[in-house]
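Colleague: Below is protein_26.cif; it holds mmCIF, C-alpha atoms and all ligand atoms.
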data_structure
loop_
_atom_site.label_atom_id
_atom_site.label_comp_id
_atom_site.auth_asym_id
_atom_site.auth_seq_id
_atom_site.Cartn_x
_atom_site.Cartn_y
_atom_site.Cartn_z
CA MET A 232 83.48 -21.80 126.74
CA ALA A 233 80.26 -20.40 128.20
CA LEU A 234 77.19 -19.74 126.06
CA VAL A 235 77.46 -16.64 123.88
CA SER A 236 74.99 -14.32 122.21
CA ALA A 237 74.62 -15.03 118.49
CA LYS A 238 75.43 -11.42 117.58
CA GLU A 239 79.13 -11.70 116.87
CA MET A 240 78.98 -15.09 115.10
CA LEU A 241 76.20 -13.88 112.79
CA GLN A 242 77.79 -10.53 112.01
CA LYS A 243 80.99 -12.38 111.09
CA ALA A 244 78.98 -14.80 108.96
CA LYS A 245 77.21 -12.00 107.14
CA ALA A 246 80.51 -10.22 106.44
CA GLY A 247 82.18 -13.49 105.43
CA HIS A 248 79.32 -14.71 103.19
CA TYR A 249 78.57 -17.94 105.00
CA ALA A 250 75.79 -19.01 107.37
CA VAL A 251 75.69 -20.48 110.87
CA GLY A 252 73.40 -23.48 111.34
CA ALA A 253 70.73 -23.35 114.05
CA PHE A 254 69.97 -26.98 114.79
CA ASN A 255 66.92 -27.86 116.88
CA ILE A 256 67.54 -30.10 119.87
CA ASN A 257 65.12 -32.62 121.39
CA ASN A 258 67.12 -34.54 123.96
CA LEU A 259 70.59 -35.36 125.23
CA GLU A 260 71.67 -37.34 122.15
CA TRP A 261 70.70 -34.49 119.81
CA THR A 262 72.52 -31.88 121.88
CA LYS A 263 75.70 -33.93 122.28
CA ALA A 264 75.81 -34.85 118.58
CA ILE A 265 75.51 -31.23 117.47
CA LEU A 266 78.01 -29.87 120.01
CA LEU A 267 80.62 -32.54 119.23
CA THR A 268 80.26 -32.00 115.49
CA ALA A 269 80.62 -28.23 115.85
CA GLU A 270 83.76 -28.75 117.93
CA GLU A 271 85.25 -31.27 115.47
CA GLN A 272 84.50 -29.00 112.51
CA ARG A 273 85.57 -25.80 114.31
CA SER A 274 82.22 -24.25 113.46
CA PRO A 275 80.16 -21.76 115.44
CA VAL A 276 76.72 -23.21 116.15
CA MET A 277 73.30 -22.37 117.51
CA LEU A 278 71.22 -24.87 119.48
CA ALA A 279 67.58 -24.08 118.86
CA VAL A 280 64.78 -25.07 121.23
CA SER A 281 61.11 -24.79 120.31
CA GLU A 282 58.63 -24.23 123.11
CA GLY A 283 57.34 -27.76 122.58
CA ALA A 284 60.83 -29.26 122.79
CA GLY A 285 61.52 -27.17 125.89
CA LYS A 286 58.44 -28.61 127.55
CA TYR A 287 59.41 -32.12 126.41
CA MET A 288 62.86 -31.76 128.00
CA ALA A 289 61.14 -30.90 131.33
CA GLY A 290 61.49 -27.13 130.99
CA TYR A 291 63.96 -24.41 129.97
CA LYS A 292 66.03 -24.65 133.14
CA THR A 293 66.69 -28.33 132.46
CA VAL A 294 67.81 -27.42 128.95
CA VAL A 295 70.15 -24.70 130.21
CA GLY A 296 71.59 -27.07 132.82
CA MET A 297 72.18 -29.82 130.28
CA VAL A 298 73.77 -27.54 127.70
CA ASN A 299 76.00 -25.72 130.19
CA GLY A 300 77.11 -29.06 131.63
CA MET A 301 78.03 -30.34 128.19
CA LEU A 302 79.93 -27.20 127.22
CA GLU A 303 82.13 -27.77 130.25
CA GLU A 304 82.44 -31.54 130.30
CA LEU A 305 82.83 -32.04 126.55
CA LYS A 306 85.34 -29.15 126.61
CA ILE A 307 83.59 -27.24 123.84
CA THR A 308 85.69 -24.28 122.68
CA VAL A 309 83.70 -23.07 119.62
CA PRO A 310 81.05 -20.33 120.06
CA VAL A 311 77.66 -21.81 121.01
CA ALA A 312 74.39 -19.89 121.39
CA LEU A 313 71.35 -21.43 123.06
CA HIS A 314 68.35 -20.01 121.23
CA LEU A 315 64.59 -20.12 121.70
CA ASP A 316 62.94 -20.97 118.36
CA HIS A 317 59.60 -19.32 117.49
CA GLY A 318 59.06 -18.02 120.99
CA SER A 319 55.85 -16.50 122.24
CA TYR A 320 56.13 -13.38 124.37
CA ALA A 321 55.79 -15.45 127.57
CA GLY A 322 58.19 -18.11 126.28
CA ALA A 323 60.78 -15.46 125.43
CA LYS A 324 60.61 -14.06 128.94
CA ALA A 325 60.88 -17.52 130.49
CA CYS A 326 64.01 -18.30 128.44
CA ILE A 327 65.63 -14.99 129.35
CA GLU A 328 65.06 -15.93 133.02
CA ALA A 329 66.28 -19.50 132.55
CA GLY A 330 69.67 -18.52 131.10
CA PHE A 331 69.35 -18.86 127.32
CA SER A 332 71.78 -16.65 125.39
CA SER A 333 69.47 -15.89 122.48
CA ILE A 334 65.75 -15.76 121.76
CA MET A 335 63.43 -15.53 118.83
CA PHE A 336 60.23 -13.64 119.38
CA ASP A 337 57.80 -14.71 116.69
CA GLY A 338 55.17 -12.01 116.51
CA SER A 339 54.46 -12.71 112.86
CA SER A 340 50.89 -13.82 113.55
CA LEU A 341 50.11 -10.63 115.53
CA PRO A 342 48.91 -7.38 114.01
CA PHE A 343 52.07 -5.61 112.77
CA GLU A 344 51.92 -2.79 115.36
CA GLU A 345 51.69 -5.31 118.20
CA ASN A 346 54.63 -7.26 116.76
CA VAL A 347 56.61 -3.98 116.77
CA GLU A 348 55.67 -3.11 120.37
CA LYS A 349 56.46 -6.52 121.85
CA THR A 350 59.66 -6.90 119.83
CA LYS A 351 60.78 -3.46 121.03
CA GLU A 352 60.20 -4.36 124.65
CA LEU A 353 62.14 -7.64 124.33
CA VAL A 354 64.99 -5.91 122.47
CA ALA A 355 65.50 -3.63 125.49
CA ILE A 356 65.67 -6.61 127.87
CA CYS A 357 68.03 -8.57 125.63
CA GLU A 358 70.30 -5.58 125.16
CA GLU A 359 70.64 -5.19 128.90
CA LYS A 360 71.46 -8.89 129.32
CA GLY A 361 73.84 -9.11 126.36
CA MET A 362 71.56 -11.56 124.55
CA SER A 363 70.72 -11.76 120.86
CA ILE A 364 67.15 -11.53 119.59
CA GLU A 365 65.52 -12.64 116.36
CA ALA A 366 62.23 -11.22 115.12
CA GLU A 367 59.98 -12.43 112.35
CA VAL A 368 57.97 -10.72 109.65
CA GLY A 369 55.74 -12.69 107.31
CA SER A 370 54.79 -16.15 108.48
CA ILE A 371 56.72 -19.22 107.41
CA GLY A 372 54.68 -22.01 105.91
CA GLY A 373 54.14 -25.51 107.26
CA GLU A 374 53.48 -26.84 110.72
CA GLU A 375 55.44 -26.20 113.87
CA ASP A 376 54.18 -27.30 117.28
CA GLY A 377 50.67 -27.67 115.95
CA VAL A 378 50.54 -24.21 114.39
CA ILE A 379 49.97 -24.29 110.65
CA GLY A 380 51.15 -21.31 108.63
CA MET A 381 50.35 -20.99 104.94
CA GLY A 382 53.57 -19.07 104.28
CA GLU A 383 53.49 -15.54 103.01
CA CYS A 384 56.16 -13.25 101.67
CA ALA A 385 57.27 -10.55 104.06
CA ASP A 386 56.76 -6.91 103.16
CA PRO A 387 60.30 -5.46 102.82
CA GLN A 388 59.18 -2.13 104.32
CA GLU A 389 57.84 -3.93 107.42
CA CYS A 390 61.14 -5.83 107.60
CA LYS A 391 63.00 -2.53 107.63
CA LYS A 392 60.79 -1.21 110.46
CA ILE A 393 61.40 -4.30 112.60
CA ALA A 394 65.13 -4.39 111.78
CA ASP A 395 65.45 -0.79 112.96
CA LEU A 396 64.17 -1.74 116.44
CA GLY A 397 67.66 -3.02 117.29
CA ILE A 398 67.15 -6.75 116.80
CA THR A 399 70.16 -9.00 116.10
CA MET A 400 68.73 -11.01 113.21
CA LEU A 401 65.60 -11.04 111.13
CA ALA A 402 63.54 -13.96 109.88
CA ALA A 403 61.47 -13.06 106.86
CA GLY A 404 59.04 -15.29 105.04
CA ILE A 405 60.19 -15.71 101.43
CA GLY A 406 58.13 -18.75 100.44
CA ASN A 407 60.01 -21.08 102.82
CA ILE A 408 58.16 -23.86 104.62
CA HIS A 409 58.81 -25.88 107.80
CA GLY A 410 59.01 -29.63 107.33
CA LYS A 411 59.16 -31.32 103.95
CA TYR A 412 58.64 -29.21 100.84
CA PRO A 413 55.61 -30.24 98.77
CA ALA A 414 56.13 -31.32 95.14
CA ASN A 415 54.28 -28.27 93.81
CA TRP A 416 56.38 -25.78 95.82
CA LYS A 417 57.28 -22.64 93.89
CA GLY A 418 60.76 -22.14 95.38
CA LEU A 419 62.27 -19.32 97.41
CA GLN A 420 61.33 -15.80 96.34
CA PHE A 421 64.81 -14.40 95.80
CA ASP A 422 63.53 -11.06 94.53
CA VAL A 423 61.82 -10.51 97.90
CA LEU A 424 64.97 -11.58 99.78
CA ASP A 425 67.04 -9.19 97.67
CA ALA A 426 64.64 -6.30 98.37
CA ILE A 427 64.75 -7.07 102.12
CA GLN A 428 68.53 -7.15 102.19
CA GLN A 429 68.79 -3.87 100.28
CA LEU A 430 66.62 -2.17 102.88
CA THR A 431 68.09 -3.83 105.98
CA GLY A 432 71.78 -3.57 105.05
CA ASP A 433 74.09 -5.36 107.48
CA MET A 434 71.28 -7.11 109.38
CA PRO A 435 71.89 -10.89 109.38
CA LEU A 436 68.86 -12.58 107.78
CA VAL A 437 67.49 -15.94 108.88
CA LEU A 438 66.22 -18.73 106.70
CA HIS A 439 63.76 -21.08 108.39
CA GLY A 440 62.72 -24.38 106.88
CA GLY A 441 66.17 -25.51 105.73
CA THR A 442 65.08 -29.13 105.29
CA GLY A 443 65.16 -30.34 101.72
CA LEU A 444 66.18 -27.02 100.21
CA PRO A 445 68.48 -27.69 97.26
CA ASP A 446 72.09 -26.68 98.00
CA ASP A 447 72.18 -24.16 95.15
CA MET A 448 69.15 -22.33 96.62
CA VAL A 449 70.81 -22.29 100.03
CA LYS A 450 74.00 -20.83 98.56
CA LYS A 451 72.07 -18.21 96.62
CA ALA A 452 70.21 -17.23 99.81
CA ILE A 453 73.54 -16.87 101.64
CA ASN A 454 74.78 -14.60 98.85
CA LEU A 455 71.68 -12.47 99.39
CA GLY A 456 72.38 -11.94 103.09
CA VAL A 457 71.15 -15.07 104.89
CA SER A 458 73.54 -15.76 107.80
CA LYS A 459 71.53 -18.17 109.97
CA ILE A 460 69.80 -21.26 108.64
CA ASN A 461 67.46 -23.37 110.75
CA VAL A 462 67.61 -27.15 110.45
CA ASN A 463 65.13 -29.31 112.30
CA THR A 464 63.19 -31.89 110.29
CA GLU A 465 66.24 -33.16 108.42
CA CYS A 466 67.93 -34.36 111.62
CA GLN A 467 64.67 -35.97 112.75
CA LEU A 468 64.39 -37.88 109.47
CA VAL A 469 67.93 -39.32 109.58
CA PHE A 470 67.61 -40.17 113.28
CA ALA A 471 64.38 -42.08 112.65
CA GLU A 472 65.81 -43.82 109.61
CA ALA A 473 68.95 -45.02 111.40
CA THR A 474 66.97 -46.19 114.43
CA ARG A 475 64.46 -48.05 112.26
CA LYS A 476 67.28 -49.82 110.42
CA TYR A 477 68.85 -50.96 113.71
CA ILE A 478 65.55 -52.47 114.87
CA GLU A 479 64.59 -53.93 111.50
CA GLU A 480 67.94 -55.70 111.40
CA GLY A 481 67.05 -57.22 114.78
CA LYS A 482 70.10 -55.70 116.47
CA ASP A 483 68.14 -54.83 119.60
CA GLN A 484 67.59 -58.56 120.09
CA GLN A 485 71.23 -59.53 119.76
CA GLY A 486 73.31 -59.59 122.95
CA LYS A 487 72.70 -56.39 124.88
CA GLY A 488 71.52 -54.54 121.80
CA TYR A 489 68.51 -53.35 123.77
CA ASP A 490 70.77 -51.09 125.88
CA PRO A 491 69.58 -47.54 125.06
CA ARG A 492 73.19 -46.45 124.65
CA LYS A 493 73.45 -48.98 121.79
CA LEU A 494 69.93 -48.52 120.47
CA LEU A 495 70.30 -44.75 120.09
CA ALA A 496 73.89 -44.82 118.78
CA PRO A 497 73.06 -45.15 115.05
CA GLY A 498 70.66 -42.19 115.26
CA PHE A 499 73.29 -40.18 117.12
CA GLU A 500 75.87 -40.89 114.41
CA ALA A 501 73.32 -40.04 111.71
CA ILE A 502 72.70 -36.61 113.28
CA LYS A 503 76.46 -36.00 113.46
CA ALA A 504 76.85 -36.79 109.76
CA LYS A 505 73.86 -34.60 108.79
CA VAL A 506 75.08 -31.66 110.86
CA LYS A 507 78.54 -31.90 109.28
CA GLU A 508 77.00 -32.05 105.80
CA LYS A 509 74.93 -28.93 106.54
CA MET A 510 77.93 -27.05 107.93
CA GLU A 511 79.80 -27.83 104.70
CA VAL A 512 76.99 -26.39 102.58
CA PHE A 513 76.60 -23.35 104.85
CA GLY A 514 80.37 -22.69 104.73
CA SER A 515 80.76 -22.43 108.52
CA ILE A 516 83.47 -25.07 108.93
CA GLY A 517 86.66 -23.65 110.39
CA LYS A 518 84.99 -20.28 111.09
CA ALA A 519 85.13 -20.61 114.87
CA ASP A 520 88.78 -19.59 114.89
ZN ZN A 601 61.10 -21.78 111.93
#
For this file, produce the structure as structure tokens.

Modeller:
Amino acid sequence: MALVSAKEMLQKAKAGHYAVGAFNINNLEWTKAILLTAEEQRSPVMLAVSEGAGKYMAGYKTVVGMVNGMLEELKITVPVALHLDHGSYAGAKACIEAGFSSIMFDGSSLPFEENVEKTKELVAICEEKGMSIEAEVGSIGGEEDGVIGMGECADPQECKKIADLGITMLAAGIGNIHGKYPANWKGLQFDVLDAIQQLTGDMPLVLHGGTGLPDDMVKKAINLGVSKINVNTECQLVFAEATRKYIEEGKDQQGKGYDPRKLLAPGFEAIKAKVKEKMEVFGSIGKAD
């Protein structure tokens, strides 16, 4: 199955009270692990690519080529969207050109009116190309690609204004943070999420910073209209842990244990297990059919 826009899978998720995972990819192992798990679990899935990861993988065209090749050669039949995560205006345009099926334009650090103008322009392009587009209001805390946000709660009225521009899904800051949550974290602001959903109606809402959120908070957020949940750090942590264990046990020095296909296998399996676990919590298993 070719790449699809995230529109239909997220509208179905919103109506069905579950969420689709958007898992960040960094390389071939990551991409293959996520696609195979989605196929095995019959779950729709989004592959998210940050601008930094896009650069790391040699550029957006390389990413599109790799993902399209895998969809065909791994015989993936579940819906898959290839999505730019926290895109700049220029990054969004580059991904539209390169063949992504979905973009996020993160104008949350811009003055609100400029966020509106740029989002509006990109909505028109995405509509014409049949792509989905995510916009953001209220910055999400933590660090991503060297940018540190303190995390602020979105203004529900601003959310409504951006939602009305014709976007597919809306990311709103509700006290969520990228990376690990600090010990003194106050938790998600469910009253803000509730107010946003009441004003934006059927609009699928996006929860960034899914790593380390307790399952009950995730489920409550889904009940309040969250239909896309981003997972990045959590896969990185289990990949690193599994790889460290392999080396600490000296397995790279036994036989041909240094072969990268062997060295990276435990990390690959760890990502598969984590993705499956997340899909269970999000309720997306079996929803591809
Ligand atoms: Zn994010």

Colleague: For ligand ZN 601 (chain A), which residue among A:Ile460, A:Gly252, A:Ile427, A:Glu389 is the nearest when counting only C-alpha atoms and all ligand atoms?

Modeller: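 Closest candidate: A:Ile460.
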
Colleague: Using all atoms listed in the file, find each residue with an atom at most 12 Å away from ligand ZN 601 (chain A) and format the answer as a VMD selection string.

Modeller: chain A and resid 253 to 255 279 to 282 314 to 318 335 to 337 339 365 to 376 378 to 380 382 401 to 404 407 to 410 437 to 442 459 to 464

Colleague: Within 12 Å of (66.0, -4.5, 122.7) (coordinates as in the file), grab all the protein and nucleic acid residues, counting only C-alpha atoms, and write them out as an MDAnalysis selection string.

Modeller: chainID A and resid 333:336 347:366 393:400

Colleague: Could you tell me which of A:Tyr412, A:Tyr287, A:Phe421, A:Tyr489 comes closest to Lys450 of chain A if we count all atoms listed in the file?

Modeller: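 Closest to Lys450 of chain A of all the choices is A:Phe421.
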
Colleague: In Å to one decimal, how far is atom CA of Ile453 of chain A from atom CA of Glu383 of chain A?

Modeller: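 Taking atom CA of Glu383 of chain A and atom CA of Ile453 of chain A, their separation equals 20.1 Å.
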
Colleague: Would you compute an axis-aligned box for segment 316-326 of chain A, covering every atom listed for it in the file with 3 Å of margin on each side, and report centre and edge lengths in Å to one decimal as lines of an AutoDock Vina configuration file?

Modeller:
center_x = 59.9
center_y = -17.2
center_z = 124.0
size_x = 14.2
size_y = 13.6
size_z = 19.0

Colleague: Counting only C-alpha atoms, which residue out of A:Pro435, A:Gly481, A:Gly330, A:Pro491 sits closest to Ala250 of chain A?

Modeller: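 With only C-alpha atoms as the atom set, the closest residue is A:Pro435.
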
Colleague: Which is closest to Ala284 of chain A among A:Gly488, A:Gly498, A:Pro310, A:Gly322, if we use all atoms listed in the file?

Modeller: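 So, comparing all the options, the nearest one is A:Gly322.
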
Colleague: Only N, CA and C atoms needed: put segment 473-518 of chain A from the block into a file as an mmCIF file, in the first residue's frame.

Modeller:
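part39.cif, written as the output of this step:
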data_model
loop_
_atom_site.group_PDB
_atom_site.id
_atom_site.type_symbol
_atom_site.label_atom_id
_atom_site.label_comp_id
_atom_site.auth_asym_id
_atom_site.auth_seq_id
_atom_site.Cartn_x
_atom_site.Cartn_y
_atom_site.Cartn_z
ATOM 1 N N ALA A 473 19.182 -1.984 25.024
ATOM 2 C CA ALA A 473 19.401 -3.319 24.453
ATOM 3 C C ALA A 473 20.784 -3.430 23.809
ATOM 4 N N THR A 474 21.211 -2.356 23.158
ATOM 5 C CA THR A 474 22.521 -2.360 22.495
ATOM 6 C C THR A 474 23.638 -2.391 23.541
ATOM 7 N N ARG A 475 23.467 -1.619 24.602
ATOM 8 C CA ARG A 475 24.467 -1.601 25.684
ATOM 9 C C ARG A 475 24.612 -2.997 26.294
ATOM 10 N N LYS A 476 23.485 -3.655 26.528
ATOM 11 C CA LYS A 476 23.501 -4.982 27.143
ATOM 12 C C LYS A 476 24.289 -5.972 26.260
ATOM 13 N N TYR A 477 24.060 -5.910 24.964
ATOM 14 C CA TYR A 477 24.731 -6.795 24.011
ATOM 15 C C TYR A 477 26.251 -6.614 24.105
ATOM 16 N N ILE A 478 26.675 -5.359 24.173
ATOM 17 C CA ILE A 478 28.120 -5.074 24.222
ATOM 18 C C ILE A 478 28.695 -5.399 25.598
ATOM 19 N N GLU A 479 27.965 -5.046 26.647
ATOM 20 C CA GLU A 479 28.455 -5.335 27.996
ATOM 21 C C GLU A 479 28.595 -6.836 28.230
ATOM 22 N N GLU A 480 27.750 -7.610 27.576
ATOM 23 C CA GLU A 480 27.855 -9.068 27.709
ATOM 24 C C GLU A 480 28.951 -9.638 26.809
ATOM 25 N N GLY A 481 29.638 -8.756 26.075
ATOM 26 C CA GLY A 481 30.760 -9.172 25.241
ATOM 27 C C GLY A 481 30.353 -9.921 23.980
ATOM 28 N N LYS A 482 29.074 -9.812 23.608
ATOM 29 C CA LYS A 482 28.587 -10.591 22.463
ATOM 30 C C LYS A 482 29.176 -10.132 21.133
ATOM 31 N N ASP A 483 29.611 -8.872 21.081
ATOM 32 C CA ASP A 483 30.221 -8.392 19.836
ATOM 33 C C ASP A 483 31.591 -9.017 19.626
ATOM 34 N N GLN A 484 32.136 -9.603 20.688
ATOM 35 C CA GLN A 484 33.469 -10.224 20.572
ATOM 36 C C GLN A 484 33.397 -11.737 20.448
ATOM 37 N N GLN A 485 32.188 -12.254 20.376
ATOM 38 C CA GLN A 485 32.038 -13.707 20.203
ATOM 39 C C GLN A 485 31.676 -14.015 18.756
ATOM 40 N N GLY A 486 32.428 -14.907 18.123
ATOM 41 C CA GLY A 486 32.140 -15.273 16.731
ATOM 42 C C GLY A 486 32.079 -14.035 15.852
ATOM 43 N N LYS A 487 31.018 -13.949 15.058
ATOM 44 C CA LYS A 487 30.846 -12.763 14.209
ATOM 45 C C LYS A 487 29.844 -11.786 14.809
ATOM 46 N N GLY A 488 29.883 -11.695 16.131
ATOM 47 C CA GLY A 488 28.965 -10.803 16.843
ATOM 48 C C GLY A 488 29.139 -9.336 16.522
ATOM 49 N N TYR A 489 30.258 -9.020 15.864
ATOM 50 C CA TYR A 489 30.504 -7.628 15.467
ATOM 51 C C TYR A 489 29.739 -7.236 14.207
ATOM 52 N N ASP A 490 29.177 -8.213 13.523
ATOM 53 C CA ASP A 490 28.384 -7.955 12.306
ATOM 54 C C ASP A 490 27.251 -6.982 12.674
ATOM 55 N N PRO A 491 27.155 -5.834 11.991
ATOM 56 C CA PRO A 491 26.112 -4.863 12.375
ATOM 57 C C PRO A 491 24.708 -5.454 12.381
ATOM 58 N N ARG A 492 24.491 -6.461 11.543
ATOM 59 C CA ARG A 492 23.146 -7.059 11.515
ATOM 60 C C ARG A 492 22.860 -7.798 12.815
ATOM 61 N N LYS A 493 23.950 -8.263 13.477
ATOM 62 C CA LYS A 493 23.775 -8.922 14.789
ATOM 63 C C LYS A 493 23.794 -7.882 15.911
ATOM 64 N N LEU A 494 24.728 -6.935 15.778
ATOM 65 C CA LEU A 494 24.896 -5.904 16.804
ATOM 66 C C LEU A 494 23.633 -5.064 17.006
ATOM 67 N N LEU A 495 22.937 -4.765 15.900
ATOM 68 C CA LEU A 495 21.757 -3.901 15.999
ATOM 69 C C LEU A 495 20.459 -4.679 16.216
ATOM 70 N N ALA A 496 20.550 -6.017 16.178
ATOM 71 C CA ALA A 496 19.320 -6.827 16.295
ATOM 72 C C ALA A 496 18.609 -6.668 17.643
ATOM 73 N N PRO A 497 19.328 -6.666 18.784
ATOM 74 C CA PRO A 497 18.596 -6.511 20.053
ATOM 75 C C PRO A 497 17.856 -5.163 20.141
ATOM 76 N N GLY A 498 18.479 -4.104 19.650
ATOM 77 C CA GLY A 498 17.829 -2.790 19.653
ATOM 78 C C GLY A 498 16.589 -2.788 18.768
ATOM 79 N N PHE A 499 16.722 -3.447 17.625
ATOM 80 C CA PHE A 499 15.595 -3.569 16.688
ATOM 81 C C PHE A 499 14.416 -4.274 17.362
ATOM 82 N N GLU A 500 14.719 -5.386 18.034
ATOM 83 C CA GLU A 500 13.652 -6.139 18.720
ATOM 84 C C GLU A 500 13.053 -5.316 19.862
ATOM 85 N N ALA A 501 13.895 -4.531 20.528
ATOM 86 C CA ALA A 501 13.407 -3.702 21.643
ATOM 87 C C ALA A 501 12.441 -2.626 21.139
ATOM 88 N N ILE A 502 12.736 -2.060 19.972
ATOM 89 C CA ILE A 502 11.818 -1.061 19.393
ATOM 90 C C ILE A 502 10.496 -1.730 19.034
ATOM 91 N N LYS A 503 10.580 -2.923 18.446
ATOM 92 C CA LYS A 503 9.348 -3.641 18.078
ATOM 93 C C LYS A 503 8.465 -3.848 19.306
ATOM 94 N N ALA A 504 9.076 -4.294 20.398
ATOM 95 C CA ALA A 504 8.301 -4.567 21.617
ATOM 96 C C ALA A 504 7.693 -3.278 22.176
ATOM 97 N N LYS A 505 8.473 -2.193 22.146
ATOM 98 C CA LYS A 505 7.977 -0.905 22.678
ATOM 99 C C LYS A 505 6.825 -0.372 21.829
ATOM 100 N N VAL A 506 6.967 -0.480 20.513
ATOM 101 C CA VAL A 506 5.913 0.010 19.618
ATOM 102 C C VAL A 506 4.620 -0.781 19.842
ATOM 103 N N LYS A 507 4.756 -2.089 19.996
ATOM 104 C CA LYS A 507 3.572 -2.925 20.249
ATOM 105 C C LYS A 507 2.905 -2.521 21.570
ATOM 106 N N GLU A 508 3.728 -2.328 22.591
ATOM 107 C CA GLU A 508 3.210 -1.928 23.912
ATOM 108 C C GLU A 508 2.439 -0.598 23.811
ATOM 109 N N LYS A 509 3.001 0.349 23.058
ATOM 110 C CA LYS A 509 2.339 1.645 22.888
ATOM 111 C C LYS A 509 1.021 1.498 22.127
ATOM 112 N N MET A 510 1.039 0.680 21.084
ATOM 113 C CA MET A 510 -0.190 0.483 20.301
ATOM 114 C C MET A 510 -1.296 -0.128 21.152
ATOM 115 N N GLU A 511 -0.899 -0.998 22.093
ATOM 116 C CA GLU A 511 -1.885 -1.591 23.014
ATOM 117 C C GLU A 511 -2.517 -0.503 23.876
ATOM 118 N N VAL A 512 -1.671 0.357 24.443
ATOM 119 C CA VAL A 512 -2.189 1.434 25.305
ATOM 120 C C VAL A 512 -3.059 2.406 24.502
ATOM 121 N N PHE A 513 -2.621 2.712 23.276
ATOM 122 C CA PHE A 513 -3.353 3.683 22.460
ATOM 123 C C PHE A 513 -4.661 3.095 21.906
ATOM 124 N N GLY A 514 -4.761 1.771 21.891
ATOM 125 C CA GLY A 514 -5.983 1.115 21.396
ATOM 126 C C GLY A 514 -6.070 1.000 19.891
ATOM 127 N N SER A 515 -4.905 1.097 19.201
ATOM 128 C CA SER A 515 -4.953 1.097 17.726
ATOM 129 C C SER A 515 -4.802 -0.285 17.098
ATOM 130 N N ILE A 516 -4.549 -1.290 17.932
ATOM 131 C CA ILE A 516 -4.354 -2.640 17.379
ATOM 132 C C ILE A 516 -5.642 -3.152 16.735
ATOM 133 N N GLY A 517 -5.464 -3.690 15.532
ATOM 134 C CA GLY A 517 -6.624 -4.233 14.802
ATOM 135 C C GLY A 517 -7.470 -3.172 14.105
ATOM 136 N N LYS A 518 -7.075 -1.896 14.221
ATOM 137 C CA LYS A 518 -7.914 -0.832 13.649
ATOM 138 C C LYS A 518 -7.598 -0.515 12.180
#
